[in-house]
>>> print(open('target.txt').read())   # compact mmCIF, C-alpha atoms
# COMPACT_ATOMS: atom_id res chain seq x y z
CA MET A 375 120.78 108.19 138.89
CA ALA A 376 121.16 106.06 135.82
CA GLY A 377 121.55 109.13 133.61
CA VAL A 378 124.94 109.90 135.10
CA LEU A 379 126.30 106.91 133.23
CA LEU A 380 126.18 109.01 130.10
CA VAL A 381 128.90 111.33 128.93
CA THR A 382 126.26 114.03 128.74
CA ALA A 383 125.95 114.02 132.49
CA MET A 384 129.71 113.88 132.93
CA MET A 385 130.38 116.90 130.78
CA ALA A 386 127.32 118.83 131.89
CA SER A 387 128.47 118.51 135.49
CA ALA A 388 131.83 119.93 134.52
CA ALA A 389 130.21 122.78 132.63
CA SER A 390 128.12 123.73 135.67
CA TYR A 391 131.25 124.96 137.41
CA ALA A 392 131.78 127.62 134.78
CA GLN A 393 128.30 129.09 134.36
CA ASN A 394 128.35 132.84 133.82
CA VAL A 395 132.16 132.86 133.88
CA PRO A 396 134.02 134.31 130.86
CA VAL A 397 135.83 131.60 128.93
CA PRO A 398 139.56 131.94 129.64
CA LYS A 399 142.27 131.61 127.04
CA PRO A 400 143.99 128.20 127.00
CA ALA A 401 147.05 128.24 129.24
CA PRO A 402 149.50 125.71 130.69
CA LYS A 403 147.94 124.03 133.70
CA GLY A 404 149.45 122.09 136.59
CA ARG A 405 148.20 118.50 136.81
CA ASP A 406 148.54 115.50 139.03
CA ASN A 407 151.16 114.02 136.71
CA PRO A 408 153.64 115.78 134.44
CA GLN A 409 151.60 116.69 131.38
CA PRO A 410 152.15 118.55 128.16
CA SER A 411 150.96 122.14 128.45
CA GLY A 412 148.58 121.59 125.56
CA PRO A 413 148.51 119.91 122.18
CA ALA A 414 151.47 120.54 119.92
CA ILE A 415 150.07 121.72 116.62
CA THR A 416 151.80 121.86 113.30
CA GLY A 417 150.95 124.99 111.32
CA ALA A 418 148.91 127.95 112.47
CA THR A 419 146.96 127.63 115.69
CA GLN A 420 143.24 127.88 115.13
CA ALA A 421 140.84 130.13 117.00
CA PRO A 422 138.15 128.40 119.09
CA PRO A 423 135.23 127.40 116.87
CA ASN A 424 131.59 128.28 117.39
CA PRO A 425 129.94 124.90 118.08
CA ILE A 426 127.01 123.97 115.85
CA ILE A 427 124.10 123.47 118.25
CA PRO A 428 121.60 120.87 116.97
CA ASP A 429 117.96 121.91 116.75
CA PRO A 430 116.39 120.53 119.97
CA ARG A 431 113.14 120.00 118.05
CA ARG A 432 114.78 117.73 115.52
CA ASN A 433 113.04 114.44 114.83
CA VAL A 434 115.54 111.61 114.48
CA PRO A 435 114.30 108.24 113.18
CA SER A 436 114.58 105.55 115.84
CA SER A 437 113.66 102.44 113.88
CA ILE A 438 116.31 99.73 113.73
CA PHE A 439 114.95 98.97 110.26
CA GLN A 440 116.03 102.36 108.92
CA THR A 441 117.46 101.88 105.43
CA PHE A 442 120.19 103.91 103.77
CA ASP A 443 121.05 104.48 100.15
CA ASP A 444 124.48 103.85 98.67
CA LYS A 445 125.57 107.46 99.14
CA GLN A 446 124.70 107.41 102.83
CA LYS A 447 126.46 104.08 103.29
CA ALA A 448 129.55 105.52 101.59
CA GLN A 449 129.49 108.52 103.91
CA ALA A 450 129.20 106.28 106.97
CA ALA A 451 132.07 104.16 105.63
CA ARG A 452 134.19 107.31 105.28
CA VAL A 453 133.52 108.23 108.89
CA SER A 454 134.27 104.65 110.00
CA ALA A 455 137.57 104.61 108.10
CA TYR A 456 138.61 107.93 109.61
CA LEU A 457 137.81 106.90 113.18
CA SER A 458 139.53 103.55 112.67
CA SER A 459 142.65 105.25 111.28
CA LEU A 460 143.22 107.25 114.44
CA SER A 461 145.49 105.92 117.14
CA THR A 462 146.23 109.20 118.88
CA LEU A 463 144.29 112.44 118.83
CA VAL A 464 145.11 115.58 120.79
CA GLY A 465 143.42 118.96 120.62
CA ASN A 466 141.49 121.78 122.21
CA PHE A 467 137.74 121.90 122.71
CA VAL A 468 134.81 124.20 123.31
CA GLN A 469 131.91 122.57 125.16
CA VAL A 470 128.34 123.84 125.27
CA GLY A 471 126.22 122.37 128.04
CA PRO A 472 122.45 121.82 128.05
CA ASP A 473 121.99 125.24 129.69
CA GLY A 474 124.07 127.02 127.04
CA SER A 475 127.11 127.50 129.28
CA LYS A 476 130.50 127.31 127.53
CA THR A 477 133.73 125.82 128.80
CA GLN A 478 137.09 125.15 127.14
CA GLY A 479 140.05 122.88 127.66
CA ASP A 480 142.33 120.22 126.20
CA PHE A 481 141.69 116.58 125.37
CA TYR A 482 143.97 113.60 124.74
CA ILE A 483 142.92 110.31 123.13
CA GLN A 484 145.03 107.15 122.96
CA LYS A 485 143.20 104.27 121.34
CA PRO A 486 141.92 101.84 122.25
CA GLY A 487 139.84 103.07 125.13
CA LYS A 488 141.91 105.85 126.69
CA MET A 489 141.01 109.51 126.96
CA ARG A 490 141.75 112.51 129.18
CA VAL A 491 139.68 115.71 129.21
CA GLU A 492 141.06 118.70 131.12
CA TYR A 493 138.84 121.75 131.65
CA ASP A 494 140.34 125.21 131.93
CA PRO A 495 139.99 127.04 135.28
CA PRO A 496 137.85 127.78 137.16
CA SER A 497 136.46 124.29 136.56
CA PRO A 498 138.17 121.69 138.82
CA ILE A 499 136.96 118.79 136.66
CA ASP A 500 138.97 116.20 134.72
CA ILE A 501 137.57 113.17 132.89
CA VAL A 502 139.83 110.12 132.51
CA ALA A 503 139.17 106.85 130.66
CA ASP A 504 141.72 104.09 131.20
CA GLY A 505 140.38 101.51 128.74
CA SER A 506 137.75 99.93 130.97
CA SER A 507 136.48 102.66 133.27
CA VAL A 508 135.72 106.37 133.06
CA VAL A 509 136.07 108.73 136.02
CA VAL A 510 134.78 112.26 136.48
CA ARG A 511 137.27 113.79 138.88
CA ASP A 512 136.81 116.88 141.03
CA ARG A 513 140.27 118.15 141.98
CA LYS A 514 138.85 120.70 144.43
CA LEU A 515 136.90 118.12 146.43
CA ALA A 516 139.39 115.29 145.76
CA THR A 517 136.55 112.98 144.72
CA GLN A 518 135.70 111.08 141.56
CA ASP A 519 132.73 109.18 140.14
CA VAL A 520 133.55 105.92 138.34
CA TYR A 521 131.55 104.46 135.42
CA PRO A 522 132.09 101.50 133.07
CA LEU A 523 133.39 102.71 129.71
CA SER A 524 131.05 100.21 128.05
CA GLN A 525 128.07 102.19 129.33
CA THR A 526 129.06 105.52 127.76
CA PRO A 527 129.01 106.68 124.12
CA LEU A 528 132.72 107.42 124.48
CA ARG A 529 133.46 103.84 123.54
CA PHE A 530 132.52 104.53 119.91
CA LEU A 531 135.13 107.28 119.67
CA LEU A 532 137.73 105.23 121.50
CA SER A 533 137.30 101.91 119.67
CA ASP A 534 140.40 100.65 117.92
CA ARG A 535 138.44 99.69 114.80
CA ILE A 536 134.79 100.43 114.09
CA ASP A 537 132.29 99.92 111.31
CA LEU A 538 129.42 102.26 112.13
CA MET A 539 126.89 100.41 109.99
CA LYS A 540 127.69 97.05 111.63
CA ASP A 541 128.90 97.87 115.15
CA THR A 542 126.34 100.51 116.09
CA ASN A 543 122.71 101.41 115.56
CA VAL A 544 123.02 104.24 113.05
CA VAL A 545 119.69 106.03 112.70
CA SER A 546 120.69 108.98 110.51
CA VAL A 547 123.35 109.83 107.92
CA THR A 548 123.32 113.27 106.32
CA ALA A 549 125.77 115.45 104.42
CA ASP A 550 125.94 119.01 103.12
CA ASP A 551 128.71 121.30 101.89
CA LEU A 552 130.16 121.64 105.40
CA PHE A 553 129.57 118.44 107.37
CA ILE A 554 129.01 114.70 107.25
CA SER A 555 126.76 113.89 110.21
CA VAL A 556 126.10 110.43 111.65
CA THR A 557 123.66 109.83 114.51
CA ILE A 558 124.03 106.69 116.62
CA GLU A 559 121.25 105.56 118.93
CA GLU A 560 122.05 103.80 122.17
CA LYS A 561 119.40 101.89 124.12
CA GLN A 562 120.05 100.53 127.60
CA ALA A 563 117.43 98.96 129.82
CA LEU A 564 118.38 100.78 133.01
CA VAL A 565 119.47 104.06 131.46
CA GLY A 566 117.11 104.70 128.57
CA THR A 567 117.82 105.90 125.04
CA SER A 568 120.66 108.29 124.28
CA ARG A 569 122.15 109.49 120.99
CA LEU A 570 125.60 110.41 119.75
CA LEU A 571 125.86 112.79 116.79
CA LEU A 572 129.26 112.79 115.09
CA MET A 573 130.12 115.62 112.69
CA LEU A 574 133.11 115.54 110.32
CA GLY A 575 134.21 118.16 107.83
CA ALA A 576 132.80 117.39 104.37
CA LYS A 577 136.01 118.55 102.68
CA ASP A 578 138.82 117.49 104.99
CA GLY A 579 137.09 114.50 106.60
CA GLN A 580 138.33 115.53 110.06
CA LEU A 581 136.36 115.31 113.29
CA LYS A 582 134.73 118.66 114.10
CA GLN A 583 132.40 117.95 116.98
CA TRP A 584 130.09 115.50 118.68
CA THR A 585 126.83 115.96 120.55
CA VAL A 586 125.50 113.58 123.19
CA THR A 587 121.75 113.61 123.85
CA ASP A 588 120.78 112.07 127.17
CA PRO A 589 117.55 110.09 127.78
CA GLN A 590 115.84 113.29 128.95
CA GLY A 591 116.61 114.97 125.62
CA TYR A 592 119.35 117.33 126.84
CA ASP A 593 122.27 118.01 124.48
CA THR A 594 125.94 118.50 125.34
CA THR A 595 128.09 119.55 122.36
CA PHE A 596 131.87 119.15 122.24
CA ALA A 597 133.55 121.01 119.33
CA VAL A 598 137.24 120.21 118.73
CA TYR A 599 140.05 122.10 116.99
CA ASN A 600 143.86 122.31 116.72
CA LEU A 601 143.89 118.55 116.18
CA ASP A 602 147.19 116.66 116.24
CA THR A 603 147.44 112.95 115.39
CA THR A 604 151.23 112.63 115.79
CA LYS A 605 151.84 113.48 119.43
CA LYS A 606 153.23 110.77 121.72
CA LEU A 607 151.42 110.66 125.03
CA ASP A 608 152.59 109.65 128.48
CA PRO A 609 150.68 106.48 129.54
CA SER A 610 150.39 107.88 133.07
CA MET A 611 147.92 110.47 131.74
CA PHE A 612 145.29 107.74 131.54
CA LYS A 613 145.81 106.08 134.92
CA ILE A 614 142.93 106.38 137.36
CA ASP A 615 144.17 107.53 140.77
CA PHE A 616 142.31 105.75 143.57
CA THR A 617 144.84 106.88 146.20
CA ASN A 618 144.42 110.64 146.21
CA TYR A 619 140.80 110.66 145.01
CA SER A 620 137.97 108.98 146.88
CA VAL A 621 134.75 107.56 145.47
CA PRO A 622 131.72 109.29 146.99
CA SER A 623 129.33 107.05 148.92
CA PRO A 624 125.86 106.61 147.38
CA GLY A 625 123.37 109.15 148.65
>>> encode(input="target.txt", output="structure tokens")
Amino acid sequence: MAGVLLVTAMMASAASYAQNVPVPKPAPKGRDNPQPSGPAITGATQAPPNPIIPDPRRNVPSSIFQTFDDKQKAQAARVSAYLSSLSTLVGNFVQVGPDGSKTQGDFYIQKPGKMRVEYDPPSPIDIVADGSSVVVRDRKLATQDVYPLSQTPLRFLLSDRIDLMKDTNVVSVTADDLFISVTIEEKQALVGTSRLLLMLGAKDGQLKQWTVTDPQGYDTTFAVYNLDTTKKLDPSMFKIDFTNYSVPSPG
């Protein structure tokens, strides 16, 4: 199951637990370790956004010889500078899975390489990246699947410093009045070709959402809001627990 190495599969599996279930309002949730009850936001709290779902029929160039004009290069540089400037990012999210199901929750990023995604009930799923590995944890079954961080598109978001035009295979850069969009193509021999579409606000330059397209062409979109870049995070949030959670045997 090479496709499960992709974040698409990770998040789609979490979304499957909430199909046909009304999206609950964010609320404090008990966790394995003492955690903040949600991101602390300065200013008014935003309402959950409506994710922008990419057209599944879109035709994205896949040539590594794709050329970009100066305006596109400047837009990619702006996205690179923004991502590189982040050290901590906390917020809420709305996720839309390949089947259209919606889930919500909180996410916590500590660069380089660390991330925690907590889904609201009834989903029992958490995703934790500790800098080298990523686990998809099922609290109900007390199991977790472990993947190398290097084999997921998450590493682009979690890199300490990144130059999209040099460090990745950018195949598309577009901009309109609302968004700057950058599509990164990822080719792996055993997995296939996946894509990561990053979307930032054209006016404020802030991350709005990302979409991962797996090798089968299925999209998972993750729209973020109530972003906070000042919160100090407990390092224990990003520790992978191999004591209370087992790794399922193959097959």
>>> residues_near_point(input="target.txt", point="(133.3, 109.3, 137.8)", cutoff="10 Å", atoms="all atoms listed in the file", output="PDB file with C-alpha atoms, in the frame of the given file")
ATOM      1  CA  VAL A 378     124.940 109.900 135.100  1.00  0.00           C
ATOM      2  CA  LEU A 379     126.300 106.910 133.230  1.00  0.00           C
ATOM      3  CA  MET A 384     129.710 113.880 132.930  1.00  0.00           C
ATOM      4  CA  ASP A 500     138.970 116.200 134.720  1.00  0.00           C
ATOM      5  CA  ILE A 501     137.570 113.170 132.890  1.00  0.00           C
ATOM      6  CA  VAL A 502     139.830 110.120 132.510  1.00  0.00           C
ATOM      7  CA  ALA A 503     139.170 106.850 130.660  1.00  0.00           C
ATOM      8  CA  SER A 507     136.480 102.660 133.270  1.00  0.00           C
ATOM      9  CA  VAL A 508     135.720 106.370 133.060  1.00  0.00           C
ATOM     10  CA  VAL A 509     136.070 108.730 136.020  1.00  0.00           C
ATOM     11  CA  VAL A 510     134.780 112.260 136.480  1.00  0.00           C
ATOM     12  CA  ARG A 511     137.270 113.790 138.880  1.00  0.00           C
ATOM     13  CA  ASP A 512     136.810 116.880 141.030  1.00  0.00           C
ATOM     14  CA  THR A 517     136.550 112.980 144.720  1.00  0.00           C
ATOM     15  CA  GLN A 518     135.700 111.080 141.560  1.00  0.00           C
ATOM     16  CA  ASP A 519     132.730 109.180 140.140  1.00  0.00           C
ATOM     17  CA  VAL A 520     133.550 105.920 138.340  1.00  0.00           C
ATOM     18  CA  TYR A 521     131.550 104.460 135.420  1.00  0.00           C
ATOM     19  CA  PRO A 522     132.090 101.500 133.070  1.00  0.00           C
ATOM     20  CA  VAL A 621     134.750 107.560 145.470  1.00  0.00           C
ATOM     21  CA  PRO A 622     131.720 109.290 146.990  1.00  0.00           C
TER      22      PRO A 622
END
>>> residues_around(input="target.txt", residues="stretch 564-579 of chain A", least_positions_apart="6", cutoff="8 Å", atoms="all atoms listed in the file", output="list in words")
Ala376, Gly377, Leu379, Arg452, Val453, Tyr456, Pro527, Ala549, Asp550, Asp551, Leu552, Phe553, Ile554, Ser555, Val556, Thr557, Ile558, Thr585, Val586, Thr587, Asp588, Pro589 and Gly591 of chain A
>>> atom_distance(input="target.txt", atom1="atom CA of A:Gln420", atom2="atom CA of A:Thr604")
17.2 Å
>>> closest_residue(input="target.txt", among="A:Thr594, A:Gln478, A:Ser458, A:Asn543", to="A:Glu559", atoms="all atoms listed in the file")
A:Asn543
>>> axis_aligned_box(input="target.txt", around="stretch 492-497 of chain A", padding_each_side="5 Å", output="AutoDock Vina command-line options")
--center_x 138.8 --center_y 123.2 --center_z 134.1 --size_x 14.6 --size_y 19.1 --size_z 16.0
>>> atom_distance(input="target.txt", atom1="atom CA of A:Gln484", atom2="atom CA of A:Ser610")
11.5 Å
>>> atom_distance(input="target.txt", atom1="atom CA of A:Gly474", atom2="atom CA of A:Arg490")
23.0 Å
>>> closest_residue(input="target.txt", among="A:Pro486, A:Pro425, A:Pro496, A:Gly465", to="A:Leu531", atoms="all atoms listed in the file")
A:Pro486
